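Chemist: Just passing along the structure, written as structure tokens.
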Amino acid sequence: MLLLQFSTSHYCRKARLALGYKGISYEVENLTPGLHVLKLKPLTGLTTVPVLIPQLDNQPPAIADTSQIFAFLEAYCPSPPLYFDDPRLKTQALMIEDWLDESIGTATRFVYYQFRAGAGKAIDPSWSSQLVIQVVRRQYGIDEASADLAAQRLKIAFEVLEVWRSGGYLVGSRQSAADLAAAALLSPLALIPDYREKYPWIFEKIIEIHQSCGEALPPGLSPQR
Ligand SMILES: N[C@@H](CCC(=O)N[C@@H](CS)C(=O)NCC(=O)O)C(=O)O
């Protein structure tokens, strides 16, 4: 399998966590932001990464969107399961995953890029990095007001993630797609000191999930930092 990705994207991290969780070997191709559209549009009709190319007979040639990638991986390799046999738990996991994808992953992006343009500039003050940050801020309309709203949305996520603090899981009594999605989509916050101080258990769990999936730790959580 081949994963088309941006190396720093937290949505691509979500796909890599699921591939690692399933123990599926794969290669990655890092696309150049901007030029990625030329490759992706003809393949999927969309412009977002990640895109999974299964490279298998009788399977779709390309799958866009992490939720669709998760569904494909679950059907292709049912064990260990990302979801549940119990329909009620399965629906809960799908609902939480969708909320994390559509609301929380986006909120993380707003808060992260606002931080990187301000107090977090020192992480990489190079002009090339600051240019990328400005392009992303313009693309998504990220400014102080919109980042403040996003930070309010993240507070709900931290309340929901209280279950991690007591050793629990987002759905049921074992790791699922919901925990993997949260671990990936909140991971950029590891570089923001306020979140690290206030919610240490979240970052401990993010490390644990990455290790259980054999995925390299995100920036801010790797041992050398
Ligand atoms: N809902 C999508 C979101 C993916 C997404 O937002 N990807 C961003 C990178 S983090 C992207 O590809 N942006 C480039 C674009 O929209 O052209 C998913 O779950 O895969």
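By convention in this document, the chains of the structure tokens carry letters A, B, ... by their order, each chain's residues are numbered from 1, and ligands are numbered from 1 in the order they are shown.
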How would you report the residues lying within 6 Å of ligand 1, as an MDAnalysis selection string, if you count only C-alpha atoms and all ligand atoms?
Modeler: chainID A and resid 9:11 47:50 65:67 101
Chemist: Only C-alpha atoms, please: the residues just picked out, written as a compact mmCIF listing (two decimals), in the first residue's frame.
Modeler:
# COMPACT_ATOMS: atom_id res chain seq x y z
CA SER A 9 -0.29 16.71 8.66
CA HIS A 10 -2.12 15.44 11.75
CA TYR A 11 -4.76 13.81 9.50
CA THR A 47 -7.64 17.89 -2.81
CA THR A 48 -6.98 16.61 0.70
CA VAL A 49 -4.36 14.24 2.03
CA PRO A 50 -4.08 11.54 3.19
CA ASP A 65 -10.48 10.93 3.72
CA THR A 66 -9.30 9.25 6.90
CA SER A 67 -12.74 7.91 7.85
CA ASP A 101 -12.30 14.83 12.26
Chemist: What's the 10 Å shell around stretch 143-148 of chain A, counting only C-alpha atoms, without same-chain residues fewer than 5 positions away, as a PyMOL selection string?
Modeler: chain A and resi 107-115+117+137-138+153-154
Chemist: Keeping only N, CA and C atoms, write the selected residues to a file as an mmCIF file, in the first residue's frame.
Modeler:
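again.cif, written as the output of this step:
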data_model
loop_
_atom_site.group_PDB
_atom_site.id
_atom_site.type_symbol
_atom_site.label_atom_id
_atom_site.label_comp_id
_atom_site.auth_asym_id
_atom_site.auth_seq_id
_atom_site.Cartn_x
_atom_site.Cartn_y
_atom_site.Cartn_z
ATOM 1 N N ALA A 107 -10.068 22.536 14.844
ATOM 2 C CA ALA A 107 -9.779 23.456 15.955
ATOM 3 C C ALA A 107 -8.300 23.393 16.328
ATOM 4 N N THR A 108 -7.750 22.181 16.349
ATOM 5 C CA THR A 108 -6.315 22.025 16.645
ATOM 6 C C THR A 108 -5.488 22.825 15.632
ATOM 7 N N ARG A 109 -5.865 22.725 14.354
ATOM 8 C CA ARG A 109 -5.120 23.444 13.298
ATOM 9 C C ARG A 109 -5.131 24.944 13.572
ATOM 10 N N PHE A 110 -6.310 25.480 13.925
ATOM 11 C CA PHE A 110 -6.421 26.927 14.174
ATOM 12 C C PHE A 110 -5.540 27.350 15.345
ATOM 13 N N VAL A 111 -5.628 26.603 16.454
ATOM 14 C CA VAL A 111 -4.874 26.963 17.663
ATOM 15 C C VAL A 111 -3.369 26.806 17.411
ATOM 16 N N TYR A 112 -3.003 25.740 16.702
ATOM 17 C CA TYR A 112 -1.580 25.453 16.452
ATOM 18 C C TYR A 112 -0.945 26.527 15.566
ATOM 19 N N TYR A 113 -1.604 26.863 14.459
ATOM 20 C CA TYR A 113 -0.980 27.848 13.548
ATOM 21 C C TYR A 113 -1.010 29.252 14.124
ATOM 22 N N GLN A 114 -1.985 29.552 14.962
ATOM 23 C CA GLN A 114 -1.990 30.845 15.657
ATOM 24 C C GLN A 114 -0.804 30.905 16.622
ATOM 25 N N PHE A 115 -0.543 29.805 17.318
ATOM 26 C CA PHE A 115 0.598 29.746 18.247
ATOM 27 C C PHE A 115 1.915 29.880 17.487
ATOM 28 N N ALA A 117 2.597 31.324 14.800
ATOM 29 C CA ALA A 117 2.817 32.665 14.243
ATOM 30 C C ALA A 117 3.102 33.686 15.343
ATOM 31 N N ARG A 137 -2.460 30.012 7.385
ATOM 32 C CA ARG A 137 -3.362 30.923 8.107
ATOM 33 C C ARG A 137 -4.326 31.616 7.146
ATOM 34 N N ARG A 138 -3.777 32.021 5.981
ATOM 35 C CA ARG A 138 -4.640 32.689 5.002
ATOM 36 C C ARG A 138 -5.639 31.687 4.404
ATOM 37 N N ARG A 153 -13.689 25.297 21.493
ATOM 38 C CA ARG A 153 -14.143 23.965 21.068
ATOM 39 C C ARG A 153 -13.228 22.875 21.633
ATOM 40 N N LEU A 154 -11.942 23.158 21.710
ATOM 41 C CA LEU A 154 -11.011 22.159 22.249
ATOM 42 C C LEU A 154 -11.324 21.828 23.705
#
Chemist: Excluding same-chain residues fewer than 2 positions from A:Trp164, what lies within 10 Å of it counting only C-alpha atoms, as a ChimeraX atom specification?
Modeler: /A:158,160-162,166-170,179,201-202,204-206
Chemist: For the selection just defined, write its residues with N, CA and C atoms to a file, as a CSV table (one decimal), in the first residue's frame.
Modeler:
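Okay, out.csv is ready:
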chain,number,residue,atom,x,y,z
A,158,PHE,N,-11.3,18.2,25.8
A,158,PHE,CA,-10.5,17.9,27.0
A,158,PHE,C,-11.5,17.3,28.1
A,160,VAL,N,-14.2,15.5,27.3
A,160,VAL,CA,-14.5,14.2,26.9
A,160,VAL,C,-13.3,13.2,27.2
A,161,LEU,N,-12.1,13.8,27.0
A,161,LEU,CA,-10.9,13.0,27.2
A,161,LEU,C,-10.5,12.7,28.7
A,162,GLU,N,-11.3,13.2,29.6
A,162,GLU,CA,-11.1,12.9,31.0
A,162,GLU,C,-11.1,11.4,31.2
A,166,SER,N,-8.3,8.3,33.7
A,166,SER,CA,-8.5,7.2,34.6
A,166,SER,C,-8.3,5.9,33.9
A,167,GLY,N,-7.5,5.9,32.8
A,167,GLY,CA,-7.1,4.6,32.2
A,167,GLY,C,-8.2,4.1,31.3
A,168,GLY,N,-9.3,4.8,31.0
A,168,GLY,CA,-10.3,4.3,30.2
A,168,GLY,C,-10.1,4.6,28.7
A,169,TYR,N,-11.1,4.4,27.9
A,169,TYR,CA,-11.1,4.6,26.4
A,169,TYR,C,-12.3,5.4,26.0
A,170,LEU,N,-12.2,6.0,24.9
A,170,LEU,CA,-13.3,6.9,24.5
A,170,LEU,C,-14.6,6.1,24.3
A,179,ASP,N,-10.0,6.5,19.8
A,179,ASP,CA,-8.8,6.9,20.5
A,179,ASP,C,-7.7,7.2,19.6
A,201,TRP,N,-2.0,14.3,31.2
A,201,TRP,CA,-2.4,12.9,30.9
A,201,TRP,C,-2.7,12.7,29.4
A,202,ILE,N,-3.2,13.8,28.8
A,202,ILE,CA,-3.5,13.6,27.3
A,202,ILE,C,-2.3,13.2,26.5
A,204,GLU,N,0.5,11.9,27.7
A,204,GLU,CA,1.0,10.6,28.1
A,204,GLU,C,0.2,9.5,27.3
A,205,LYS,N,-1.1,9.7,27.1
A,205,LYS,CA,-1.9,8.7,26.4
A,205,LYS,C,-1.5,8.8,24.9
A,206,ILE,N,-1.3,10.0,24.4
A,206,ILE,CA,-0.9,10.1,22.9
A,206,ILE,C,0.4,9.3,22.7
Chemist: Mind checking which residues fall within 9 Å of stretch 19-22 of chain A, counting only C-alpha atoms, ignoring those fewer than 5 positions away in the same chain, and posting them as a PDB file with C-alpha atoms, in the first residue's frame?
Modeler:
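Once everything was written out, this is result_18.pdb:
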ATOM      1  CA  LYS A  14      -4.247   9.480  11.918  1.00  0.00           C
ATOM      2  CA  PHE A  70     -10.335   3.487   8.323  1.00  0.00           C
ATOM      3  CA  LEU A  73      -8.638  -0.983   6.492  1.00  0.00           C
ATOM      4  CA  GLU A  74     -11.243  -2.524   8.804  1.00  0.00           C
ATOM      5  CA  CYS A  77      -7.869  -6.530   7.785  1.00  0.00           C
ATOM      6  CA  PRO A  78     -10.516  -7.021  10.517  1.00  0.00           C
ATOM      7  CA  SER A  79      -8.077  -7.846  13.322  1.00  0.00           C
ATOM      8  CA  PRO A  80      -7.243  -6.060  15.530  1.00  0.00           C
ATOM      9  CA  PRO A  81     -10.541  -4.207  15.187  1.00  0.00           C
ATOM     10  CA  LEU A  82     -10.827  -0.439  14.933  1.00  0.00           C
ATOM     11  CA  LEU A 180      -6.527   6.750  17.486  1.00  0.00           C
ATOM     12  CA  HIS A 210       1.722   5.925  19.192  1.00  0.00           C
ATOM     13  CA  SER A 212       1.105   0.656  20.547  1.00  0.00           C
ATOM     14  CA  CYS A 213       0.787   1.464  16.826  1.00  0.00           C
ATOM     15  CA  GLY A 214       4.549   1.514  16.164  1.00  0.00           C
ATOM     16  CA  GLU A 215       4.337   5.125  14.967  1.00  0.00           C
TER      17      GLU A 215
END
Chemist: Select from stretch 115-213 of chain A everything DSSP, run on the backbone, classes as helix (DSSP H, G or I), then give the selection as a ChimeraX atom specification.
Modeler: /A:115-117,119-123,127-140,144-160,162-165,177-185,187-191,193-198,200-212
Chemist: According to DSSP computed on the backbone, where in chain A is there strand (DSSP E or B)? Give the residues as a PyMOL selection string.
Modeler: chain A and resi 2-5+27-30+51-53+63-64
Chemist: Point out the residue among A:Leu186, A:Ala216, A:Leu40, A:Leu191 with the least atom-to-atom distance to A:Lys121, counting only C-alpha atoms.
Modeler: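 Residue with the minimum atom-to-atom distance to A:Lys121: A:Leu191.
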Chemist: Find the spatial neighbours of A:Pro33, counting only C-alpha atoms, within a cut-off of 10 Å - ignore same-chain residues fewer than 6 positions away - and output them as an mmCIF file with C-alpha atoms, in the first residue's frame.
Modeler:
data_model
loop_
_atom_site.group_PDB
_atom_site.id
_atom_site.type_symbol
_atom_site.label_atom_id
_atom_site.label_comp_id
_atom_site.auth_asym_id
_atom_site.auth_seq_id
_atom_site.Cartn_x
_atom_site.Cartn_y
_atom_site.Cartn_z
ATOM 1 C CA GLN A 5 0.643 12.508 2.548
ATOM 2 C CA PHE A 6 2.036 15.751 3.872
ATOM 3 C CA VAL A 49 -4.361 14.240 2.035
ATOM 4 C CA VAL A 132 4.183 28.128 5.177
#
Chemist: In Å, how far is it from atom CA of A:Pro125 to atom CA of A:Glu29?
Modeler: 26.5 Å
Chemist: If you measure from atom CA of A:Ser176 to atom CA of A:Leu217, what distance in Å do you get, rounded to one decimal?
Modeler: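 Going from atom CA of A:Ser176 over to atom CA of A:Leu217 covers 18.8 Å.
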Chemist: How many Å lie between atom CA of A:Ala64 and atom CA of A:Gln175, rounded to one decimal?
Modeler: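 Those two atoms sit 23.6 Å apart.
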Chemist: Nearest to A:Gly141: which of A:Gly120, A:Gly45, A:Thr106, A:Glu159 is it, counting only C-alpha atoms?
Modeler: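 Going through A:Gly120, A:Gly45, A:Thr106, A:Glu159 one by one, the smallest distance to A:Gly141 is for A:Thr106.
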